[in-house]
>>> print(open('entry_9.pdb').read())   # PDB, C-alpha atoms
ATOM      1  CA  MET A   1       0.000   0.000   0.000
ATOM      2  CA  LYS A   2       1.270   3.466  -0.868
ATOM      3  CA  LEU A   3       1.328   6.266   1.694
ATOM      4  CA  HIS A   4      -1.537   8.233   0.157
ATOM      5  CA  GLU A   5      -3.642   5.042   0.010
ATOM      6  CA  ALA A   6      -2.978   4.390   3.694
ATOM      7  CA  ILE A   7      -4.003   7.972   4.531
ATOM      8  CA  VAL A   8      -7.271   7.554   2.594
ATOM      9  CA  LYS A   9      -7.995   4.249   4.358
ATOM     10  CA  LEU A  10      -7.279   5.794   7.765
ATOM     11  CA  LEU A  11      -9.473   8.843   7.156
ATOM     12  CA  LEU A  12     -12.318   6.640   5.892
ATOM     13  CA  GLU A  13     -12.021   4.432   8.976
ATOM     14  CA  LYS A  14     -11.848   7.415  11.331
ATOM     15  CA  GLY A  15     -14.746   9.206   9.634
ATOM     16  CA  SER A  16     -13.434  12.661  10.455
ATOM     17  CA  PRO A  17     -10.486  14.938   9.649
ATOM     18  CA  MET A  18      -7.191  14.344  11.420
ATOM     19  CA  THR A  19      -4.050  16.387  11.945
ATOM     20  CA  THR A  20      -0.846  15.453  10.164
ATOM     21  CA  ALA A  21       0.622  14.367  13.531
ATOM     22  CA  GLU A  22      -2.403  12.158  14.314
ATOM     23  CA  ILE A  23      -2.152  10.532  10.884
ATOM     24  CA  ALA A  24       1.596   9.915  11.260
ATOM     25  CA  ASP A  25       1.124   8.434  14.745
ATOM     26  CA  ALA A  26      -1.721   6.172  13.612
ATOM     27  CA  LEU A  27       0.145   4.904  10.548
ATOM     28  CA  ASN A  28       3.288   4.266  12.588
ATOM     29  CA  ALA A  29       1.167   2.229  15.019
ATOM     30  CA  ASN A  30      -0.893   0.208  12.525
ATOM     31  CA  LYS A  31       1.947  -0.397  10.012
ATOM     32  CA  TRP A  32      -0.314  -0.011   6.942
ATOM     33  CA  TYR A  33       2.610   1.818   5.360
ATOM     34  CA  GLU A  34       6.275   1.347   6.171
ATOM     35  CA  LYS A  35       9.167   3.265   4.710
ATOM     36  CA  LYS A  36      11.904   1.249   3.032
ATOM     37  CA  ASP A  37      14.400   2.277   5.709
ATOM     38  CA  LYS A  38      11.870   1.331   8.454
ATOM     39  CA  SER A  39      12.089   4.803  10.038
ATOM     40  CA  GLU A  40       8.926   6.421  11.362
ATOM     41  CA  ILE A  41       6.564   8.452   9.213
ATOM     42  CA  THR A  42       6.695  12.141  10.161
ATOM     43  CA  PRO A  43       3.935  14.762  10.119
ATOM     44  CA  PHE A  44       6.008  16.605   7.497
ATOM     45  CA  GLN A  45       5.752  13.577   5.176
ATOM     46  CA  ILE A  46       1.977  13.532   5.649
ATOM     47  CA  HIS A  47       1.912  17.261   4.873
ATOM     48  CA  GLY A  48       3.850  16.736   1.646
ATOM     49  CA  ARG A  49       1.867  13.750   0.448
ATOM     50  CA  THR A  50      -1.527  15.335   1.130
ATOM     51  CA  LYS A  51      -0.387  18.510  -0.631
ATOM     52  CA  ASN A  52       0.702  16.487  -3.688
ATOM     53  CA  TYR A  53      -2.647  14.674  -3.864
ATOM     54  CA  SER A  54      -4.990  17.656  -3.793
ATOM     55  CA  ASN A  55      -7.527  15.597  -5.728
ATOM     56  CA  LEU A  56      -7.858  13.298  -2.677
ATOM     57  CA  PHE A  57      -7.236  15.624   0.266
ATOM     58  CA  ARG A  58      -8.194  19.101   1.426
ATOM     59  CA  ARG A  59      -6.032  20.876   3.967
ATOM     60  CA  GLU A  60      -6.909  23.481   6.575
ATOM     61  CA  GLY A  61      -3.717  24.222   8.454
ATOM     62  CA  VAL A  62      -2.528  20.896   9.859
ATOM     63  CA  LYS A  63      -5.994  19.288   9.503
ATOM     64  CA  VAL A  64      -6.429  16.867   6.617
ATOM     65  CA  PHE A  65      -9.865  16.226   5.139
ATOM     66  CA  LEU A  66     -10.765  13.507   2.647
ATOM     67  CA  ILE A  67     -12.422  14.667  -0.579
ATOM     68  CA  GLU A  68     -15.085  12.108  -1.422
TER      69      GLU A  68
END
>>> encode(input="entry_9.pdb", output="C-alpha cells")
Amino acid sequence: MKLHEAIVKLLLEKGSPMTTAEIADALNANKWYEKKDKSEITPFQIHGRTKNYSNLFRREGVKVFLIE
C-alpha cells in the first residue's frame, strides 16, 4: 500500500479529519505503510503527500480532510 492510500484508508475508517501528527502516529502504530528504511513516518511527510494529492485531500492548516 502506498502512503496516500494508507491515509485515505485511515481517514475513511476514522470518519473525520485528522491532523498530520495524528495521521503519522496512527500509521506508525498500525503499520499499513512502512518506509523502506523502516524509520517512522513524520507529520512533514503527511503534509507533503496530502499537498501532492490535492484531488484526494483538502487541507486546513494541519488538519487533513478527505475529498469524497
>>> residues_around(input="entry_9.pdb", residues="stretch 39-51 of chain A", least_positions_apart="6", cutoff="6 Å", atoms="all atoms listed in the file", output="list in words")
Thr20, Ala21, Ala24 and Phe57 of chain A
>>> write_last_selection(input="entry_9.pdb", atoms="C-alpha atoms", output="PDB file, keeping the file's coordinate frame")
ATOM      1  CA  THR A  20      -0.846  15.453  10.164  1.00  0.00           C
ATOM      2  CA  ALA A  21       0.622  14.367  13.531  1.00  0.00           C
ATOM      3  CA  ALA A  24       1.596   9.915  11.260  1.00  0.00           C
ATOM      4  CA  PHE A  57      -7.236  15.624   0.266  1.00  0.00           C
TER       5      PHE A  57
END
>>> resolve_selection(input="entry_9.pdb", expression="the PyMOL selection byres ((chain A and resi 10) around 12)", output="JSON, numbers by chain")
{"A": [3, 4, 5, 6, 7, 8, 9, 11, 12, 13, 14, 15, 16, 17, 18, 19, 20, 22, 23, 24, 25, 26, 27, 28, 29, 30, 31, 32, 33, 64, 65, 66]}
>>> atom_distance(input="entry_9.pdb", atom1="atom CA of A:Glu34", atom2="atom CA of A:Glu60")
25.8 Å
>>> decode(input="entry_9.pdb", residues="stretch 20-58 of chain A", atoms="N, CA and C atoms", output="PDB file, in the first residue's frame")
ATOM      1  N   THR A  20      -1.965  16.189  10.755  1.00  0.00           N
ATOM      2  CA  THR A  20      -0.846  15.453  10.164  1.00  0.00           C
ATOM      3  C   THR A  20      -0.135  14.609  11.230  1.00  0.00           C
ATOM      4  N   ALA A  21      -0.027  15.117  12.444  1.00  0.00           N
ATOM      5  CA  ALA A  21       0.622  14.367  13.531  1.00  0.00           C
ATOM      6  C   ALA A  21      -0.211  13.147  13.919  1.00  0.00           C
ATOM      7  N   GLU A  22      -1.529  13.294  13.986  1.00  0.00           N
ATOM      8  CA  GLU A  22      -2.403  12.158  14.314  1.00  0.00           C
ATOM      9  C   GLU A  22      -2.304  11.077  13.246  1.00  0.00           C
ATOM     10  N   ILE A  23      -2.266  11.495  11.986  1.00  0.00           N
ATOM     11  CA  ILE A  23      -2.152  10.532  10.884  1.00  0.00           C
ATOM     12  C   ILE A  23      -0.815   9.803  10.965  1.00  0.00           C
ATOM     13  N   ALA A  24       0.268  10.537  11.158  1.00  0.00           N
ATOM     14  CA  ALA A  24       1.596   9.915  11.260  1.00  0.00           C
ATOM     15  C   ALA A  24       1.637   8.924  12.420  1.00  0.00           C
ATOM     16  N   ASP A  25       1.125   9.323  13.579  1.00  0.00           N
ATOM     17  CA  ASP A  25       1.124   8.434  14.745  1.00  0.00           C
ATOM     18  C   ASP A  25       0.319   7.164  14.481  1.00  0.00           C
ATOM     19  N   ALA A  26      -0.865   7.329  13.884  1.00  0.00           N
ATOM     20  CA  ALA A  26      -1.721   6.172  13.612  1.00  0.00           C
ATOM     21  C   ALA A  26      -1.071   5.222  12.607  1.00  0.00           C
ATOM     22  N   LEU A  27      -0.488   5.759  11.556  1.00  0.00           N
ATOM     23  CA  LEU A  27       0.145   4.904  10.548  1.00  0.00           C
ATOM     24  C   LEU A  27       1.407   4.234  11.076  1.00  0.00           C
ATOM     25  N   ASN A  28       2.124   4.907  11.957  1.00  0.00           N
ATOM     26  CA  ASN A  28       3.288   4.266  12.588  1.00  0.00           C
ATOM     27  C   ASN A  28       2.835   3.113  13.485  1.00  0.00           C
ATOM     28  N   ALA A  29       1.669   3.266  14.117  1.00  0.00           N
ATOM     29  CA  ALA A  29       1.167   2.229  15.019  1.00  0.00           C
ATOM     30  C   ALA A  29       0.569   1.044  14.259  1.00  0.00           C
ATOM     31  N   ASN A  30      -0.202   1.311  13.200  1.00  0.00           N
ATOM     32  CA  ASN A  30      -0.893   0.208  12.525  1.00  0.00           C
ATOM     33  C   ASN A  30      -0.075  -0.445  11.409  1.00  0.00           C
ATOM     34  N   LYS A  31       1.011   0.178  11.005  1.00  0.00           N
ATOM     35  CA  LYS A  31       1.947  -0.397  10.012  1.00  0.00           C
ATOM     36  C   LYS A  31       1.314  -0.636   8.640  1.00  0.00           C
ATOM     37  N   TRP A  32       0.261   0.117   8.277  1.00  0.00           N
ATOM     38  CA  TRP A  32      -0.314  -0.011   6.942  1.00  0.00           C
ATOM     39  C   TRP A  32       0.680   0.447   5.889  1.00  0.00           C
ATOM     40  N   TYR A  33       1.572   1.355   6.276  1.00  0.00           N
ATOM     41  CA  TYR A  33       2.610   1.818   5.360  1.00  0.00           C
ATOM     42  C   TYR A  33       3.916   1.862   6.131  1.00  0.00           C
ATOM     43  N   GLU A  34       4.948   1.274   5.571  1.00  0.00           N
ATOM     44  CA  GLU A  34       6.275   1.347   6.171  1.00  0.00           C
ATOM     45  C   GLU A  34       7.260   1.861   5.136  1.00  0.00           C
ATOM     46  N   LYS A  35       8.122   2.750   5.585  1.00  0.00           N
ATOM     47  CA  LYS A  35       9.167   3.265   4.710  1.00  0.00           C
ATOM     48  C   LYS A  35      10.209   2.171   4.482  1.00  0.00           C
ATOM     49  N   LYS A  36      10.892   2.257   3.363  1.00  0.00           N
ATOM     50  CA  LYS A  36      11.904   1.249   3.032  1.00  0.00           C
ATOM     51  C   LYS A  36      12.977   1.141   4.107  1.00  0.00           C
ATOM     52  N   ASP A  37      13.343   2.302   4.686  1.00  0.00           N
ATOM     53  CA  ASP A  37      14.400   2.277   5.709  1.00  0.00           C
ATOM     54  C   ASP A  37      13.856   1.973   7.108  1.00  0.00           C
ATOM     55  N   LYS A  38      12.542   1.705   7.203  1.00  0.00           N
ATOM     56  CA  LYS A  38      11.870   1.331   8.454  1.00  0.00           C
ATOM     57  C   LYS A  38      11.797   2.457   9.490  1.00  0.00           C
ATOM     58  N   SER A  39      12.199   3.682   9.104  1.00  0.00           N
ATOM     59  CA  SER A  39      12.089   4.803  10.038  1.00  0.00           C
ATOM     60  C   SER A  39      10.628   5.236  10.118  1.00  0.00           C
ATOM     61  N   GLU A  40      10.303   6.004  11.146  1.00  0.00           N
ATOM     62  CA  GLU A  40       8.926   6.421  11.362  1.00  0.00           C
ATOM     63  C   GLU A  40       8.476   7.469  10.347  1.00  0.00           C
ATOM     64  N   ILE A  41       7.186   7.435  10.053  1.00  0.00           N
ATOM     65  CA  ILE A  41       6.564   8.452   9.213  1.00  0.00           C
ATOM     66  C   ILE A  41       6.463   9.724  10.046  1.00  0.00           C
ATOM     67  N   THR A  42       6.753  10.870   9.442  1.00  0.00           N
ATOM     68  CA  THR A  42       6.695  12.141  10.161  1.00  0.00           C
ATOM     69  C   THR A  42       5.475  12.955   9.706  1.00  0.00           C
ATOM     70  N   PRO A  43       5.013  13.866  10.548  1.00  0.00           N
ATOM     71  CA  PRO A  43       3.935  14.762  10.119  1.00  0.00           C
ATOM     72  C   PRO A  43       4.291  15.543   8.856  1.00  0.00           C
ATOM     73  N   PHE A  44       5.567  15.885   8.685  1.00  0.00           N
ATOM     74  CA  PHE A  44       6.008  16.605   7.497  1.00  0.00           C
ATOM     75  C   PHE A  44       5.792  15.772   6.237  1.00  0.00           C
ATOM     76  N   GLN A  45       6.004  14.458   6.319  1.00  0.00           N
ATOM     77  CA  GLN A  45       5.752  13.577   5.176  1.00  0.00           C
ATOM     78  C   GLN A  45       4.261  13.550   4.840  1.00  0.00           C
ATOM     79  N   ILE A  46       3.421  13.516   5.860  1.00  0.00           N
ATOM     80  CA  ILE A  46       1.977  13.532   5.649  1.00  0.00           C
ATOM     81  C   ILE A  46       1.584  14.849   4.993  1.00  0.00           C
ATOM     82  N   HIS A  47       2.164  15.940   5.460  1.00  0.00           N
ATOM     83  CA  HIS A  47       1.912  17.261   4.873  1.00  0.00           C
ATOM     84  C   HIS A  47       2.247  17.243   3.379  1.00  0.00           C
ATOM     85  N   GLY A  48       3.416  16.753   3.041  1.00  0.00           N
ATOM     86  CA  GLY A  48       3.850  16.736   1.646  1.00  0.00           C
ATOM     87  C   GLY A  48       2.983  15.857   0.770  1.00  0.00           C
ATOM     88  N   ARG A  49       2.651  14.675   1.256  1.00  0.00           N
ATOM     89  CA  ARG A  49       1.867  13.750   0.448  1.00  0.00           C
ATOM     90  C   ARG A  49       0.447  14.272   0.240  1.00  0.00           C
ATOM     91  N   THR A  50      -0.154  14.832   1.287  1.00  0.00           N
ATOM     92  CA  THR A  50      -1.527  15.335   1.130  1.00  0.00           C
ATOM     93  C   THR A  50      -1.553  16.578   0.251  1.00  0.00           C
ATOM     94  N   LYS A  51      -0.487  17.341   0.259  1.00  0.00           N
ATOM     95  CA  LYS A  51      -0.387  18.510  -0.631  1.00  0.00           C
ATOM     96  C   LYS A  51      -0.259  18.062  -2.088  1.00  0.00           C
ATOM     97  N   ASN A  52       0.491  16.990  -2.332  1.00  0.00           N
ATOM     98  CA  ASN A  52       0.702  16.487  -3.688  1.00  0.00           C
ATOM     99  C   ASN A  52      -0.538  15.805  -4.266  1.00  0.00           C
ATOM    100  N   TYR A  53      -1.430  15.354  -3.420  1.00  0.00           N
ATOM    101  CA  TYR A  53      -2.647  14.674  -3.864  1.00  0.00           C
ATOM    102  C   TYR A  53      -3.870  15.521  -3.525  1.00  0.00           C
ATOM    103  N   SER A  54      -3.893  16.720  -4.082  1.00  0.00           N
ATOM    104  CA  SER A  54      -4.990  17.656  -3.793  1.00  0.00           C
ATOM    105  C   SER A  54      -6.326  17.176  -4.367  1.00  0.00           C
ATOM    106  N   ASN A  55      -6.286  16.186  -5.235  1.00  0.00           N
ATOM    107  CA  ASN A  55      -7.527  15.597  -5.728  1.00  0.00           C
ATOM    108  C   ASN A  55      -8.153  14.642  -4.706  1.00  0.00           C
ATOM    109  N   LEU A  56      -7.371  14.201  -3.721  1.00  0.00           N
ATOM    110  CA  LEU A  56      -7.858  13.298  -2.677  1.00  0.00           C
ATOM    111  C   LEU A  56      -8.060  13.984  -1.335  1.00  0.00           C
ATOM    112  N   PHE A  57      -7.252  15.013  -1.057  1.00  0.00           N
ATOM    113  CA  PHE A  57      -7.236  15.624   0.266  1.00  0.00           C
ATOM    114  C   PHE A  57      -7.419  17.133   0.207  1.00  0.00           C
ATOM    115  N   ARG A  58      -8.083  17.657   1.230  1.00  0.00           N
ATOM    116  CA  ARG A  58      -8.194  19.101   1.426  1.00  0.00           C
ATOM    117  C   ARG A  58      -7.521  19.411   2.746  1.00  0.00           C
TER     118      ARG A  58
END
